[in-house]
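As stored in target-v6.csv (CSV, C-alpha atoms):
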```
chain,number,residue,atom,x,y,z
A,249,MET,CA,26.2,-5.9,3.8
A,250,ARG,CA,28.1,-2.9,5.2
A,251,VAL,CA,25.4,-0.2,5.6
A,252,ILE,CA,25.8,3.4,6.6
A,253,VAL,CA,22.7,4.7,8.3
A,254,VAL,CA,22.6,8.5,8.4
A,255,GLY,CA,20.3,9.8,11.1
A,256,ALA,CA,20.9,6.7,13.0
A,257,THR,CA,19.8,8.2,16.3
A,258,GLY,CA,16.5,9.6,15.1
A,259,THR,CA,13.1,8.0,15.5
A,260,ILE,CA,13.1,6.1,12.2
A,261,GLY,CA,16.9,5.7,12.1
A,262,LYS,CA,17.0,3.9,15.4
A,263,ALA,CA,14.4,1.4,14.2
A,264,VAL,CA,16.2,1.0,10.9
A,265,VAL,CA,19.5,0.2,12.7
A,266,LYS,CA,17.8,-2.3,15.0
A,267,LEU,CA,16.2,-4.1,12.1
A,268,LEU,CA,19.3,-4.2,9.9
A,269,ALA,CA,21.7,-5.1,12.6
A,270,ARG,CA,20.3,-8.6,12.7
A,271,GLU,CA,21.9,-9.5,9.4
A,272,HIS,CA,24.1,-6.6,8.3
A,273,GLU,CA,27.1,-4.5,9.5
A,274,VAL,CA,25.6,-1.2,10.4
A,275,ILE,CA,27.6,2.0,10.7
A,276,ARG,CA,25.6,4.6,12.7
A,277,ALA,CA,26.1,8.1,11.5
A,278,ALA,CA,24.5,11.1,13.1
A,279,SER,CA,25.2,14.7,13.9
A,280,HIS,CA,25.9,14.4,17.6
A,281,SER,CA,26.5,10.7,18.4
A,282,GLY,CA,26.7,7.3,16.8
A,283,ASP,CA,29.7,5.5,15.3
A,284,ILE,CA,30.6,8.4,13.2
A,285,ARG,CA,29.6,12.1,13.1
A,286,VAL,CA,28.2,13.8,10.0
A,287,ASP,CA,26.7,17.1,9.4
A,288,MET,CA,24.8,16.4,6.1
A,289,THR,CA,24.4,20.2,5.4
A,290,ARG,CA,28.2,20.4,4.9
A,291,THR,CA,29.9,18.7,2.0
A,292,ASP,CA,33.3,18.7,3.9
A,293,SER,CA,31.6,16.7,6.7
A,294,ILE,CA,30.1,14.2,4.2
A,295,GLU,CA,33.4,13.9,2.5
A,296,ARG,CA,35.1,13.1,5.8
A,297,MET,CA,32.4,10.5,6.7
A,298,TYR,CA,33.0,8.6,3.5
A,299,SER,CA,36.8,8.8,3.9
A,300,GLU,CA,36.6,7.4,7.4
A,301,VAL,CA,34.0,4.7,6.6
A,302,GLY,CA,35.8,3.3,3.5
A,303,PRO,CA,34.1,0.7,1.3
A,304,PHE,CA,30.4,0.3,1.9
A,305,ASP,CA,27.5,-1.5,0.2
A,306,ALA,CA,24.6,0.8,1.0
A,307,LEU,CA,23.7,4.2,2.5
A,308,ILE,CA,20.4,4.8,4.1
A,309,CYS,CA,19.5,8.4,5.0
A,310,ALA,CA,16.7,8.7,7.6
A,311,ALA,CA,17.7,12.3,8.6
A,312,GLY,CA,16.6,15.6,7.3
A,313,VAL,CA,15.2,18.8,8.9
A,314,ALA,CA,12.7,21.2,7.3
A,315,LYS,CA,10.4,23.8,8.8
A,316,PHE,CA,6.7,23.4,9.3
A,317,GLY,CA,4.7,26.6,9.5
A,318,PRO,CA,2.2,28.9,7.7
A,319,LEU,CA,3.4,30.0,4.3
A,320,ALA,CA,2.7,33.6,5.3
A,321,GLU,CA,5.2,33.2,8.2
A,322,LEU,CA,7.9,31.1,6.7
A,323,SER,CA,11.0,33.2,6.1
A,324,GLU,CA,13.7,32.7,3.4
A,325,ASP,CA,15.8,31.1,6.1
A,326,ASP,CA,13.0,28.7,7.0
A,327,PHE,CA,12.9,27.5,3.4
A,328,GLN,CA,16.7,27.4,3.3
A,329,LEU,CA,16.8,25.1,6.4
A,330,GLY,CA,15.0,22.4,4.5
A,331,LEU,CA,16.9,23.0,1.2
A,332,ASP,CA,20.2,22.4,3.1
A,333,GLY,CA,19.0,20.0,5.7
A,334,LYS,CA,16.8,17.6,3.8
A,335,LEU,CA,17.0,18.3,0.0
A,336,MET,CA,20.6,19.1,-0.9
A,337,GLY,CA,21.8,17.2,2.2
A,338,GLN,CA,20.5,14.0,0.9
A,339,ILE,CA,21.4,14.7,-2.7
A,340,ASN,CA,25.0,15.5,-1.7
A,341,LEU,CA,25.2,12.2,0.2
A,342,VAL,CA,24.4,10.5,-3.1
A,343,ARG,CA,26.6,12.7,-5.3
A,344,MET,CA,29.6,12.3,-3.1
A,345,GLY,CA,29.0,8.6,-2.4
A,346,LEU,CA,28.5,7.5,-6.0
A,347,GLY,CA,32.1,7.0,-6.7
A,348,ARG,CA,32.8,5.2,-3.5
A,349,ILE,CA,29.9,2.8,-3.1
A,350,ASN,CA,30.6,-0.9,-3.9
A,351,ASP,CA,29.2,-2.6,-7.0
A,352,ASN,CA,25.5,-3.5,-6.6
A,353,GLY,CA,25.1,-1.1,-3.8
A,354,SER,CA,22.1,1.0,-3.0
A,355,PHE,CA,21.1,4.5,-1.7
A,356,THR,CA,17.8,4.9,0.1
A,357,LEU,CA,16.7,8.4,0.9
A,358,THR,CA,13.7,9.7,2.8
A,359,SER,CA,10.8,11.9,1.7
A,360,GLY,CA,7.4,11.8,3.4
A,361,ILE,CA,3.7,11.6,2.9
A,362,LEU,CA,3.4,15.5,2.8
A,363,SER,CA,4.8,15.3,-0.7
A,364,HIS,CA,1.5,14.2,-2.1
A,365,GLN,CA,-0.8,14.6,0.9
A,366,PRO,CA,-0.1,18.1,2.0
A,367,MET,CA,-1.6,19.9,4.9
A,368,PRO,CA,-1.8,23.6,5.9
A,369,GLY,CA,1.7,24.5,7.1
A,370,SER,CA,3.5,22.0,4.9
A,371,SER,CA,4.5,24.2,1.9
A,372,SER,CA,8.2,24.0,2.6
A,373,ILE,CA,8.2,20.3,3.6
A,374,SER,CA,6.0,19.3,0.7
A,375,MET,CA,8.3,21.1,-1.7
A,376,ILE,CA,11.4,19.4,-0.2
A,377,ASN,CA,9.9,15.9,-0.1
A,378,ALA,CA,8.6,16.1,-3.7
A,379,GLY,CA,12.0,17.4,-4.7
A,380,VAL,CA,13.8,14.4,-3.2
A,381,GLU,CA,11.4,12.1,-5.0
A,382,GLY,CA,12.0,13.9,-8.4
A,383,PHE,CA,15.7,13.6,-7.9
A,384,VAL,CA,15.6,9.9,-7.1
A,385,ARG,CA,13.4,9.1,-10.2
A,386,ALA,CA,15.9,10.8,-12.4
A,387,ALA,CA,19.2,9.8,-10.7
A,388,ALA,CA,18.3,6.1,-11.0
A,389,LEU,CA,18.5,6.4,-14.8
A,390,GLU,CA,22.2,7.2,-14.7
A,391,LEU,CA,23.5,4.7,-12.1
A,392,ASN,CA,25.8,1.9,-13.3
A,393,ARG,CA,27.7,-1.0,-11.7
A,394,GLY,CA,24.3,-2.4,-10.5
A,395,ILE,CA,23.9,0.5,-8.1
A,396,ARG,CA,20.3,1.4,-7.2
A,397,ILE,CA,18.5,4.4,-5.5
A,398,ASN,CA,15.1,4.6,-3.9
A,399,VAL,CA,13.3,6.9,-1.6
A,400,VAL,CA,11.1,5.8,1.3
A,401,SER,CA,8.0,7.9,1.9
A,402,PRO,CA,6.9,7.4,5.6
A,403,PRO,CA,3.5,8.4,6.8
A,404,TRP,CA,3.3,10.2,10.2
A,405,VAL,CA,5.3,8.1,12.6
A,406,LYS,CA,3.5,7.1,15.8
A,407,GLU,CA,6.4,8.1,18.0
A,408,THR,CA,6.6,11.5,16.4
A,409,LEU,CA,2.9,12.1,16.9
A,410,VAL,CA,3.3,11.2,20.6
A,411,ALA,CA,6.2,13.6,20.9
A,412,LEU,CA,4.1,16.3,19.3
A,413,GLY,CA,1.1,15.6,21.5
A,414,MET,CA,-1.0,14.8,18.5
A,415,ASP,CA,-3.6,12.2,17.8
A,416,THR,CA,-1.7,9.0,17.1
A,417,SER,CA,-4.5,7.0,15.5
A,418,GLY,CA,-3.1,7.5,12.0
A,419,GLY,CA,0.5,7.0,13.0
A,420,MET,CA,2.7,4.1,11.9
A,421,PRO,CA,5.2,2.7,14.4
A,422,ALA,CA,8.8,3.3,13.5
A,423,GLU,CA,9.6,-0.3,13.7
A,424,ARG,CA,7.2,-1.0,10.8
A,425,VAL,CA,8.4,2.0,8.8
A,426,ALA,CA,11.9,0.4,9.0
A,427,HIS,CA,10.7,-2.5,6.9
A,428,ALA,CA,10.3,-0.2,3.9
A,429,TYR,CA,14.0,0.7,4.2
A,430,LEU,CA,14.9,-3.0,4.4
A,431,ALA,CA,12.9,-3.6,1.3
A,432,SER,CA,14.8,-0.9,-0.6
A,433,LEU,CA,18.1,-2.4,0.7
A,434,THR,CA,17.5,-6.0,-0.2
A,435,GLY,CA,15.2,-5.7,-3.2
A,436,THR,CA,15.9,-5.0,-6.8
A,437,ARG,CA,13.8,-1.9,-7.4
A,438,SER,CA,15.4,1.4,-8.4
A,439,GLY,CA,14.1,4.9,-9.0
A,440,VAL,CA,11.0,4.2,-6.9
A,441,VAL,CA,9.1,6.0,-4.2
A,442,ILE,CA,8.5,3.3,-1.6
A,443,ASN,CA,5.3,4.1,0.3
A,444,ALA,CA,6.0,2.9,3.9
A,445,ARG,CA,2.3,2.3,4.3
A,446,ASP,CA,2.8,-0.8,2.2
A,447,TYR,CA,4.8,-2.3,5.0
A,448,ALA,CA,2.3,-1.5,7.8
B,78,MET,CA,-7.6,41.1,-15.5
B,79,ARG,CA,-4.3,42.7,-14.8
B,80,VAL,CA,-1.7,39.9,-15.2
B,81,ILE,CA,2.0,40.0,-14.6
B,82,VAL,CA,3.8,37.5,-16.8
B,83,VAL,CA,7.3,36.8,-15.5
B,84,GLY,CA,9.6,35.4,-18.2
B,85,ALA,CA,7.5,37.2,-20.8
B,86,THR,CA,10.3,37.2,-23.4
B,87,GLY,CA,10.9,33.5,-23.3
B,88,THR,CA,9.6,30.9,-25.7
B,89,ILE,CA,6.5,30.0,-23.6
B,90,GLY,CA,6.2,33.5,-22.0
B,91,LYS,CA,5.9,35.2,-25.4
B,92,ALA,CA,3.1,32.8,-26.4
B,93,VAL,CA,1.3,33.3,-23.1
B,94,VAL,CA,1.5,37.1,-23.5
B,95,LYS,CA,0.1,36.9,-27.0
B,96,LEU,CA,-2.8,34.7,-26.0
B,97,LEU,CA,-3.7,36.7,-22.8
B,98,ALA,CA,-3.3,40.1,-24.4
B,99,ARG,CA,-6.5,39.5,-26.4
B,100,GLU,CA,-8.6,40.0,-23.3
B,101,HIS,CA,-6.4,41.0,-20.5
B,102,GLU,CA,-3.9,43.8,-19.5
B,103,VAL,CA,-0.6,42.0,-19.5
B,104,ILE,CA,2.5,43.4,-17.7
B,105,ARG,CA,5.5,41.8,-19.3
B,106,ALA,CA,8.3,41.1,-16.8
B,107,ALA,CA,11.7,39.7,-17.7
B,108,SER,CA,15.3,39.9,-16.7
B,109,HIS,CA,16.6,42.0,-19.6
B,110,SER,CA,13.6,43.5,-21.4
B,111,GLY,CA,9.8,43.8,-21.2
B,112,ASP,CA,7.6,46.4,-19.4
B,113,ILE,CA,9.4,45.8,-16.2
B,114,ARG,CA,12.7,44.2,-15.2
B,115,VAL,CA,12.9,41.5,-12.6
B,116,ASP,CA,15.6,39.1,-11.5
B,117,MET,CA,13.6,36.4,-9.8
B,118,THR,CA,16.7,35.0,-8.0
B,119,ARG,CA,16.8,38.2,-5.9
B,120,THR,CA,14.1,39.1,-3.4
B,121,ASP,CA,14.9,42.8,-3.6
B,122,SER,CA,14.3,42.7,-7.3
B,123,ILE,CA,10.9,40.9,-6.8
B,124,GLU,CA,10.0,43.4,-4.1
B,125,ARG,CA,10.7,46.2,-6.5
B,126,MET,CA,8.7,44.7,-9.3
B,127,TYR,CA,5.6,44.3,-7.1
B,128,SER,CA,6.0,47.9,-5.8
B,129,GLU,CA,6.2,49.3,-9.3
B,130,VAL,CA,3.4,47.2,-10.7
B,131,GLY,CA,0.9,48.0,-7.9
B,132,PRO,CA,-2.4,46.1,-7.7
B,133,PHE,CA,-2.7,43.0,-9.9
B,134,ASP,CA,-5.0,40.1,-10.4
B,135,ALA,CA,-2.7,37.3,-11.5
B,136,LEU,CA,0.9,36.4,-11.8
B,137,ILE,CA,2.1,33.8,-14.3
B,138,CYS,CA,5.7,32.7,-14.1
B,139,ALA,CA,7.1,31.1,-17.3
B,140,ALA,CA,10.7,31.7,-16.3
B,141,GLY,CA,13.2,29.6,-14.5
B,142,VAL,CA,16.7,28.2,-15.2
B,143,ALA,CA,18.1,24.9,-14.1
B,144,LYS,CA,21.1,22.9,-15.3
B,145,PHE,CA,20.8,19.7,-17.4
B,146,GLY,CA,23.7,17.3,-17.2
B,147,PRO,CA,25.0,14.0,-16.0
B,148,LEU,CA,24.7,13.6,-12.2
B,149,ALA,CA,28.4,12.7,-11.9
B,150,GLU,CA,29.3,16.0,-13.5
B,151,LEU,CA,26.8,18.4,-11.9
B,152,SER,CA,28.5,20.6,-9.3
B,153,GLU,CA,27.0,22.1,-6.2
B,154,ASP,CA,26.8,25.4,-8.1
B,155,ASP,CA,24.9,23.6,-10.9
B,156,PHE,CA,22.3,22.5,-8.4
B,157,GLN,CA,22.2,25.9,-6.8
B,158,LEU,CA,21.4,27.5,-10.2
B,159,GLY,CA,18.1,25.7,-10.3
B,160,LEU,CA,17.4,26.1,-6.6
B,161,ASP,CA,17.7,29.9,-7.0
B,162,GLY,CA,16.5,30.2,-10.5
B,163,LYS,CA,13.5,28.0,-10.8
B,164,LEU,CA,12.6,26.6,-7.4
B,165,MET,CA,13.0,29.4,-4.8
B,166,GLY,CA,12.6,32.1,-7.5
B,167,GLN,CA,9.1,30.9,-8.2
B,168,ILE,CA,8.3,30.3,-4.5
B,169,ASN,CA,9.5,33.8,-3.6
B,170,LEU,CA,7.3,35.3,-6.3
B,171,VAL,CA,4.3,33.7,-4.6
B,172,ARG,CA,5.5,34.5,-1.0
B,173,MET,CA,6.1,38.1,-1.7
B,174,GLY,CA,3.0,38.5,-3.9
B,175,LEU,CA,0.6,36.9,-1.5
B,176,GLY,CA,-0.2,40.1,0.5
B,177,ARG,CA,-0.4,42.2,-2.7
B,178,ILE,CA,-2.5,40.2,-5.1
B,179,ASN,CA,-6.2,41.2,-5.5
B,180,ASP,CA,-9.0,39.1,-4.1
B,181,ASN,CA,-9.8,36.1,-6.3
B,182,GLY,CA,-6.4,36.4,-7.9
B,183,SER,CA,-4.2,33.5,-9.1
B,184,PHE,CA,-0.6,32.4,-9.3
B,185,THR,CA,0.5,30.1,-12.0
B,186,LEU,CA,4.0,28.6,-11.9
B,187,THR,CA,5.9,26.3,-14.2
B,188,SER,CA,7.3,22.9,-13.7
B,189,GLY,CA,7.9,20.4,-16.5
B,190,ILE,CA,7.4,16.9,-17.8
B,191,LEU,CA,10.8,15.8,-16.3
B,192,SER,CA,9.3,15.9,-12.9
B,193,HIS,CA,7.6,12.6,-13.5
B,194,GLN,CA,9.1,11.5,-16.8
B,195,PRO,CA,12.8,11.9,-16.1
B,196,MET,CA,15.7,11.2,-18.5
B,197,PRO,CA,19.4,10.7,-18.0
B,198,GLY,CA,20.8,14.2,-17.2
B,199,SER,CA,17.7,15.5,-15.6
B,200,SER,CA,18.4,14.8,-11.9
B,201,SER,CA,18.6,18.5,-11.0
B,202,ILE,CA,15.7,19.6,-13.2
B,203,SER,CA,13.5,16.7,-12.1
B,204,MET,CA,14.2,17.6,-8.5
B,205,ILE,CA,13.3,21.3,-9.1
B,206,ASN,CA,10.2,20.6,-11.1
B,207,ALA,CA,8.9,18.1,-8.6
B,208,GLY,CA,9.6,20.5,-5.8
B,209,VAL,CA,7.6,23.3,-7.4
B,210,GLU,CA,4.7,20.9,-7.8
B,211,GLY,CA,4.9,19.8,-4.1
B,212,PHE,CA,4.9,23.5,-3.0
B,213,VAL,CA,1.9,24.3,-5.1
B,214,ARG,CA,-0.1,21.4,-3.8
B,215,ALA,CA,0.5,22.5,-0.2
B,216,ALA,CA,0.4,26.3,-0.6
B,217,ALA,CA,-3.1,26.1,-2.2
B,218,LEU,CA,-4.4,24.8,1.2
B,219,GLU,CA,-3.5,28.1,2.9
B,220,LEU,CA,-4.7,30.7,0.5
B,221,ASN,CA,-7.7,32.9,1.3
B,222,ARG,CA,-9.6,35.8,-0.3
B,223,GLY,CA,-10.4,33.4,-3.2
B,224,ILE,CA,-6.8,33.3,-4.3
B,225,ARG,CA,-5.7,30.2,-6.2
B,226,ILE,CA,-2.4,28.7,-7.2
B,227,ASN,CA,-1.5,26.1,-9.9
B,228,VAL,CA,1.5,24.9,-11.8
B,229,VAL,CA,1.6,24.2,-15.5
B,230,SER,CA,3.8,21.2,-16.5
B,231,PRO,CA,4.8,21.7,-20.1
B,232,PRO,CA,6.1,18.8,-22.2
B,233,TRP,CA,9.1,19.5,-24.5
B,234,VAL,CA,8.3,22.6,-26.4
B,235,LYS,CA,8.7,22.4,-30.2
B,236,GLU,CA,10.6,25.7,-30.5
B,237,THR,CA,13.0,24.6,-27.8
B,238,LEU,CA,13.7,21.3,-29.5
B,239,VAL,CA,14.3,23.2,-32.8
B,240,ALA,CA,16.7,25.5,-30.9
B,241,LEU,CA,18.5,22.5,-29.4
B,242,GLY,CA,18.7,20.7,-32.8
B,243,MET,CA,16.7,17.8,-31.4
B,244,ASP,CA,14.0,15.7,-32.9
B,245,THR,CA,10.8,17.8,-32.8
B,246,SER,CA,8.3,15.0,-33.3
B,247,GLY,CA,7.3,14.9,-29.6
B,248,GLY,CA,7.3,18.6,-29.1
B,249,MET,CA,4.3,20.8,-28.4
B,250,PRO,CA,4.1,24.3,-30.0
B,251,ALA,CA,4.4,27.1,-27.4
B,252,GLU,CA,1.2,28.6,-28.6
B,253,ARG,CA,-0.7,25.4,-27.5
B,254,VAL,CA,1.2,25.3,-24.2
B,255,ALA,CA,0.0,28.8,-23.5
B,256,HIS,CA,-3.6,27.5,-23.3
B,257,ALA,CA,-2.7,25.6,-20.1
B,258,TYR,CA,-1.8,28.9,-18.5
B,259,LEU,CA,-5.0,30.5,-19.7
B,260,ALA,CA,-6.9,27.6,-18.2
B,261,SER,CA,-5.2,28.2,-14.8
B,262,LEU,CA,-5.9,31.9,-15.0
B,263,THR,CA,-9.6,31.7,-16.0
B,264,GLY,CA,-10.6,28.4,-14.3
B,265,THR,CA,-11.5,27.6,-10.7
B,266,ARG,CA,-8.9,24.9,-9.9
B,267,SER,CA,-6.3,25.4,-7.3
B,268,GLY,CA,-3.4,23.3,-6.0
B,269,VAL,CA,-3.3,21.4,-9.3
B,270,VAL,CA,-0.5,20.3,-11.6
B,271,ILE,CA,-1.9,21.2,-15.0
B,272,ASN,CA,-0.5,18.9,-17.7
B,273,ALA,CA,-0.1,21.1,-20.8
B,274,ARG,CA,-0.5,18.0,-22.9
B,275,ASP,CA,-4.2,18.2,-22.1
B,276,TYR,CA,-4.3,21.4,-24.2
B,277,ALA,CA,-2.5,20.0,-27.2
```
Can you turn what I pasted into structure tokens?
Amino acid sequence: MRVIVVGATGTIGKAVVKLLAREHEVIRAASHSGDIRVDMTRTDSIERMYSEVGPFDALICAAGVAKFGPLAELSEDDFQLGLDGKLMGQINLVRMGLGRINDNGSFTLTSGILSHQPMPGSSSISMINAGVEGFVRAAALELNRGIRINVVSPPWVKETLVALGMDTSGGMPAERVAHAYLASLTGTRSGVVINARDYA
Amino acid sequence: MRVIVVGATGTIGKAVVKLLAREHEVIRAASHSGDIRVDMTRTDSIERMYSEVGPFDALICAAGVAKFGPLAELSEDDFQLGLDGKLMGQINLVRMGLGRINDNGSFTLTSGILSHQPMPGSSSISMINAGVEGFVRAAALELNRGIRINVVSPPWVKETLVALGMDTSGGMPAERVAHAYLASLTGTRSGVVINARDYA
């Protein structure tokens, strides 16, 4: 399959690219490097990416920024960062890719454990992640031509915890998380929140 | 208790006001009528509402617009309508009310059944409703002074189905839905999605 991976240079994205490249043609899309540049907060950039890529069988998005911080300190701009960067960014990748993806193709987005297991400081991220999941459940009902859509919910990734200087005992290595994306790509499910923990 | 009801002139809002007014002081807030005007898509308008109202014990939001329609036809503006009108509108009511609400006060927001029981055409609304729920689950973890936050998830409301000319057999009368808001107001739960069906 010809698979676009958005966020290909991130912690999860790199692991997804490595896993998929064994059997698939992977097009690495990212904001600053990769095979193709894309700024998923801008619809003109998404449009350009799809034009340059041409026909494809799947899009995986492992990118998305949102702000962590106390609710009392999060500004409107902090919320907007996640709305643009992780919520509407991913939704626009789907909206604009729907007419271009090959028959029997699939979209796989990313949410995260904070959707249903929040922690102090996660009000914006929990809102974004839950929103992505709500979108995917609904969008799946309207897809035709055998097209599917799912969302992978990763737990805390071990490499991220290391980078943040946090306790890594609950973290899941990115190379294991990547298997949840592969399951979405090669399986038959649609409209599902895939808990990456199931692939630990 | 002194309770602000935003969306007081809507189908659910009117029923909430009627139920609460038996035992509480209700301040009816709405965009075009009521005791006080508020445009919840504008932070300056929310700020003005809180300034005019003064001390209060609870805020209930039964307002929020979002666009229903096929994913292939929903524009960026259609998504933005719900992001402003139901998602960030409600979140801003909480953000800006947090420092003003009395001790042991409560916020009660509104999501809807489409969050977890989507239908074709609900991709934007399902996203919005799920996002509100994710926010509430997380925000509850940071509240102090005995303040609580919940979200009521109404099913299809009978009066709405009548207005839309749809089959009303699955609809729940607004006066019953109102009891879910009362339960949030007078109970002790926080961070919970209250399924209005439980009050049918």
Close residues, stretch 113-119 of chain B itself excluded, 9 Å, only C-alpha atoms, min 4 positions apart in chain, as an NGL selection string: :B and (83-84 or 104-109 or 123-126 or 129-130 or 140-141 or 161-163 or 165-167 or 169-170)
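Take atom CA of A:Val399 and atom CA of B:Gly247: the distance between them is 29.7 Å.
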Residue nearest B:Leu220 among A:Ala306, A:Leu412, A:Leu319, A:Val265 (counting all atoms listed in the file): A:Leu319
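Among the candidate residues A:Ile339, A:Ala256, A:Ala378, A:Ala269, the one lying nearest to chain B is A:Ala378, with distances computed using only C-alpha atoms.
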Expected answer as a PyMOL selection string: chain A residues within 7 Å of chain B, all atoms listed in the file: chain A and resi 319-320+343+363-364+366-368+370-372+374-376+378-380+382-383+385-387+389-390
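Pairwise distance (atom CA of B:Tyr258, atom CA of B:Cys138) equals 9.5 Å.
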Residue nearest A:Ser359 among A:Leu430, A:Gly330, A:Val274, A:Val400 (counting all atoms listed in the file): A:Val400
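Going from atom CA of A:Met420 to atom CA of A:Gly439 covers 23.8 Å.
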Edge lengths and centre in Å to one decimal, as AutoDock Vina command-line options, of the axis-aligned box that encloses all listed atoms of stretch 332-339 of chain A with 4 Å added on every side?
```
--center_x 19.3 --center_y 18.2 --center_z 1.5 --size_x 13.0 --size_y 16.4 --size_z 16.4
```
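Among the candidates B:Ile224, B:Val93, B:Arg177, B:Val234, the one nearest to B:Ala257 when counting all atoms listed in the file is B:Val93.
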Residues near A:Ile308, cut-off 7 Å, only C-alpha atoms, skip fewer than 2 positions along chain, as a PyMOL selection string: chain A and resi 252-254+306+310+355-357
